[in-house]
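All remarks here apply to the structure that follows.
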Amino acid sequence: MQNDFINQVANSSDIDNPRLREAVYVHIEHLIGEKSFANDIAFIEIGQLEGDDENQIELYNLKSYIDIEMKS
């Protein structure tokens, strides 16, 4: 289900839509928690995915990535 949401966002042609931005913010906040969202996220860019996804983090792994990066 989470991957379906990610694909819908990634394939959206209306990237500047404020409702899309709000939906992404809410989704990330629910995945990583309100405190982490407020303290650990400085910038969010919404855009279409292009090319290979070798260096991209799956949205459902964002919390683990933040926790690991904050420890280093």
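As shown in the structure tokens, the chain order sets the letters A, B, ...; within each chain, residues go from 1, and ligands are also counted from 1 in the order they appear.
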As a tab-separated table (two decimals) with all heavy atoms, in the first residue's frame, please: the residues near stretch 25-34 of chain A (cut-off 10 Å, only C-alpha atoms, same-chain neighbours under 2 positions excluded).
```
chain	number	residue	atom	x	y	z
A	2	GLN	N	1.93	1.28	0.80
A	2	GLN	CA	2.81	2.44	0.82
A	2	GLN	C	3.46	2.64	-0.54
A	2	GLN	O	3.60	3.77	-1.00
A	2	GLN	CB	3.88	2.28	1.89
A	2	GLN	CG	3.32	2.36	3.28
A	2	GLN	CD	4.36	2.05	4.33
A	2	GLN	OE1	5.42	1.51	4.03
A	2	GLN	NE2	4.05	2.36	5.56
A	5	PHE	N	1.26	4.50	-2.95
A	5	PHE	CA	1.27	5.94	-2.71
A	5	PHE	C	2.52	6.58	-3.32
A	5	PHE	O	2.45	7.59	-3.97
A	5	PHE	CB	1.21	6.24	-1.21
A	5	PHE	CG	1.24	7.71	-0.91
A	5	PHE	CD1	0.09	8.46	-1.01
A	5	PHE	CD2	2.41	8.34	-0.55
A	5	PHE	CE1	0.10	9.82	-0.74
A	5	PHE	CE2	2.44	9.69	-0.28
A	5	PHE	CZ	1.28	10.43	-0.38
A	6	ILE	N	3.67	5.92	-3.11
A	6	ILE	CA	4.93	6.44	-3.65
A	6	ILE	C	4.85	6.51	-5.17
A	6	ILE	O	5.23	7.51	-5.76
A	6	ILE	CB	6.12	5.57	-3.20
A	6	ILE	CG1	6.29	5.67	-1.69
A	6	ILE	CG2	7.40	5.99	-3.91
A	6	ILE	CD1	7.22	4.63	-1.12
A	19	ARG	N	-2.00	20.40	-2.68
A	19	ARG	CA	-2.62	19.23	-2.03
A	19	ARG	C	-1.68	18.03	-2.08
A	19	ARG	O	-1.63	17.25	-1.13
A	19	ARG	CB	-3.95	18.90	-2.69
A	19	ARG	CG	-5.00	19.93	-2.38
A	19	ARG	CD	-6.33	19.56	-2.95
A	19	ARG	NE	-7.27	20.64	-2.73
A	19	ARG	CZ	-8.56	20.50	-2.88
A	19	ARG	NH1	-9.06	19.36	-3.26
A	19	ARG	NH2	-9.35	21.52	-2.64
A	20	LEU	N	-0.96	17.90	-3.16
A	20	LEU	CA	0.03	16.82	-3.27
A	20	LEU	C	1.12	17.02	-2.23
A	20	LEU	O	1.50	16.10	-1.51
A	20	LEU	CB	0.64	16.78	-4.67
A	20	LEU	CG	1.80	15.80	-4.86
A	20	LEU	CD1	1.35	14.37	-4.61
A	20	LEU	CD2	2.39	15.95	-6.24
A	21	ARG	N	1.62	18.25	-2.12
A	21	ARG	CA	2.66	18.56	-1.14
A	21	ARG	C	2.17	18.25	0.27
A	21	ARG	O	2.87	17.63	1.07
A	21	ARG	CB	3.08	20.02	-1.26
A	21	ARG	CG	4.17	20.41	-0.28
A	21	ARG	CD	4.80	21.74	-0.62
A	21	ARG	NE	5.42	21.76	-1.93
A	21	ARG	CZ	6.63	21.26	-2.19
A	21	ARG	NH1	7.32	20.71	-1.23
A	21	ARG	NH2	7.13	21.31	-3.40
A	22	GLU	N	0.96	18.66	0.60
A	22	GLU	CA	0.40	18.39	1.93
A	22	GLU	C	0.26	16.90	2.18
A	22	GLU	O	0.58	16.40	3.27
A	22	GLU	CB	-0.96	19.09	2.08
A	22	GLU	CG	-1.61	18.88	3.43
A	22	GLU	CD	-0.84	19.50	4.58
A	22	GLU	OE1	-0.08	20.46	4.37
A	22	GLU	OE2	-1.01	19.02	5.72
A	23	ALA	N	-0.17	16.15	1.16
A	23	ALA	CA	-0.32	14.70	1.30
A	23	ALA	C	1.04	14.04	1.55
A	23	ALA	O	1.15	13.15	2.40
A	23	ALA	CB	-0.96	14.11	0.05
A	36	SER	N	10.27	13.72	14.88
A	36	SER	CA	11.34	13.54	13.91
A	36	SER	C	11.10	14.40	12.67
A	36	SER	O	12.03	14.99	12.12
A	36	SER	CB	11.46	12.07	13.50
A	36	SER	OG	12.49	11.89	12.57
A	37	PHE	N	9.86	14.50	12.24
A	37	PHE	CA	9.53	15.32	11.08
A	37	PHE	C	9.90	16.78	11.35
A	37	PHE	O	10.49	17.45	10.50
A	37	PHE	CB	8.04	15.20	10.75
A	37	PHE	CG	7.63	15.95	9.52
A	37	PHE	CD1	7.89	15.44	8.25
A	37	PHE	CD2	6.97	17.16	9.61
A	37	PHE	CE1	7.51	16.12	7.12
A	37	PHE	CE2	6.58	17.86	8.48
A	37	PHE	CZ	6.85	17.34	7.23
A	38	ALA	N	9.60	17.25	12.53
A	38	ALA	CA	9.89	18.65	12.89
A	38	ALA	C	11.38	18.89	13.09
A	38	ALA	O	11.90	19.95	12.70
A	38	ALA	CB	9.13	19.04	14.15
A	39	ASN	N	12.08	17.93	13.66
A	39	ASN	CA	13.48	18.13	14.03
A	39	ASN	C	14.49	17.67	12.98
A	39	ASN	O	15.59	18.22	12.92
A	39	ASN	CB	13.79	17.41	15.34
A	39	ASN	CG	13.04	18.00	16.50
A	39	ASN	OD1	12.74	19.18	16.52
A	39	ASN	ND2	12.72	17.17	17.47
A	40	ASP	N	14.15	16.66	12.19
A	40	ASP	CA	15.14	16.01	11.33
A	40	ASP	C	14.99	16.32	9.84
A	40	ASP	O	15.89	16.04	9.07
A	40	ASP	CB	15.11	14.49	11.53
A	40	ASP	CG	15.38	14.09	12.97
A	40	ASP	OD1	16.13	14.82	13.63
A	40	ASP	OD2	14.83	13.07	13.41
A	41	ILE	N	13.87	16.88	9.45
A	41	ILE	CA	13.63	17.15	8.03
A	41	ILE	C	13.76	18.64	7.79
A	41	ILE	O	13.03	19.44	8.36
A	41	ILE	CB	12.22	16.67	7.59
A	41	ILE	CG1	12.02	15.19	7.87
A	41	ILE	CG2	11.98	16.99	6.12
A	41	ILE	CD1	12.87	14.26	7.06
A	44	ILE	N	12.15	19.19	1.69
A	44	ILE	CA	11.47	18.13	0.93
A	44	ILE	C	11.29	18.63	-0.48
A	44	ILE	O	10.76	19.72	-0.70
A	44	ILE	CB	10.10	17.78	1.55
A	44	ILE	CG1	10.29	17.20	2.94
A	44	ILE	CG2	9.35	16.81	0.65
A	44	ILE	CD1	9.00	16.94	3.68
A	59	LEU	N	10.47	5.17	0.77
A	59	LEU	CA	9.84	6.03	1.76
A	59	LEU	C	9.59	5.29	3.06
A	59	LEU	O	9.78	5.84	4.14
A	59	LEU	CB	8.52	6.58	1.19
A	59	LEU	CG	7.86	7.70	1.96
A	59	LEU	CD1	8.81	8.87	2.16
A	59	LEU	CD2	6.61	8.18	1.23
A	60	TYR	N	9.23	4.01	2.99
A	60	TYR	CA	8.96	3.26	4.22
A	60	TYR	C	10.24	2.98	5.01
A	60	TYR	O	10.17	2.61	6.18
A	60	TYR	CB	8.20	1.96	3.93
A	60	TYR	CG	8.90	1.00	3.00
A	60	TYR	CD1	9.80	0.07	3.50
A	60	TYR	CD2	8.65	1.01	1.63
A	60	TYR	CE1	10.45	-0.81	2.66
A	60	TYR	CE2	9.28	0.13	0.78
A	60	TYR	CZ	10.18	-0.78	1.30
A	60	TYR	OH	10.82	-1.65	0.46
A	61	ASN	N	11.43	3.20	4.42
A	61	ASN	CA	12.70	3.04	5.13
A	61	ASN	C	13.27	4.36	5.64
A	61	ASN	O	14.36	4.40	6.19
A	61	ASN	CB	13.74	2.38	4.22
A	61	ASN	CG	13.48	0.91	4.03
A	61	ASN	OD1	12.96	0.24	4.92
A	61	ASN	ND2	13.82	0.40	2.87
A	62	LEU	N	12.55	5.45	5.45
A	62	LEU	CA	13.05	6.76	5.81
A	62	LEU	C	13.36	6.88	7.30
A	62	LEU	O	14.39	7.42	7.68
A	62	LEU	CB	12.04	7.84	5.39
A	62	LEU	CG	12.46	9.29	5.61
A	62	LEU	CD1	13.75	9.60	4.86
A	62	LEU	CD2	11.35	10.23	5.17
A	63	LYS	N	12.51	6.36	8.15
A	63	LYS	CA	12.73	6.44	9.61
A	63	LYS	C	14.04	5.75	9.99
A	63	LYS	O	14.84	6.31	10.74
A	63	LYS	CB	11.55	5.81	10.35
A	63	LYS	CG	11.74	5.71	11.86
A	63	LYS	CD	11.21	6.92	12.56
A	63	LYS	CE	11.23	6.73	14.06
A	63	LYS	NZ	12.28	7.47	14.70
A	64	SER	N	14.28	4.57	9.48
A	64	SER	CA	15.52	3.85	9.78
A	64	SER	C	16.73	4.62	9.28
A	64	SER	O	17.75	4.72	9.97
A	64	SER	CB	15.51	2.46	9.14
A	64	SER	OG	14.49	1.68	9.67
A	66	ILE	N	17.02	7.90	8.84
A	66	ILE	CA	17.20	9.06	9.71
A	66	ILE	C	17.84	8.63	11.03
A	66	ILE	O	18.78	9.27	11.51
A	66	ILE	CB	15.88	9.80	9.94
A	66	ILE	CG1	15.45	10.49	8.66
A	66	ILE	CG2	16.02	10.81	11.09
A	66	ILE	CD1	14.05	11.07	8.71
A	67	ASP	N	17.33	7.56	11.63
A	67	ASP	CA	17.87	7.09	12.91
A	67	ASP	C	19.35	6.72	12.77
A	67	ASP	O	20.15	7.08	13.64
A	67	ASP	CB	17.08	5.88	13.41
A	67	ASP	CG	15.67	6.25	13.85
A	67	ASP	OD1	15.41	7.45	14.07
A	67	ASP	OD2	14.84	5.32	13.96
```
> Between atom CA of A:Asn55 and atom CA of A:Phe43, what is the distance, to one decimal in Å?
Replying inline: 17.7 Å
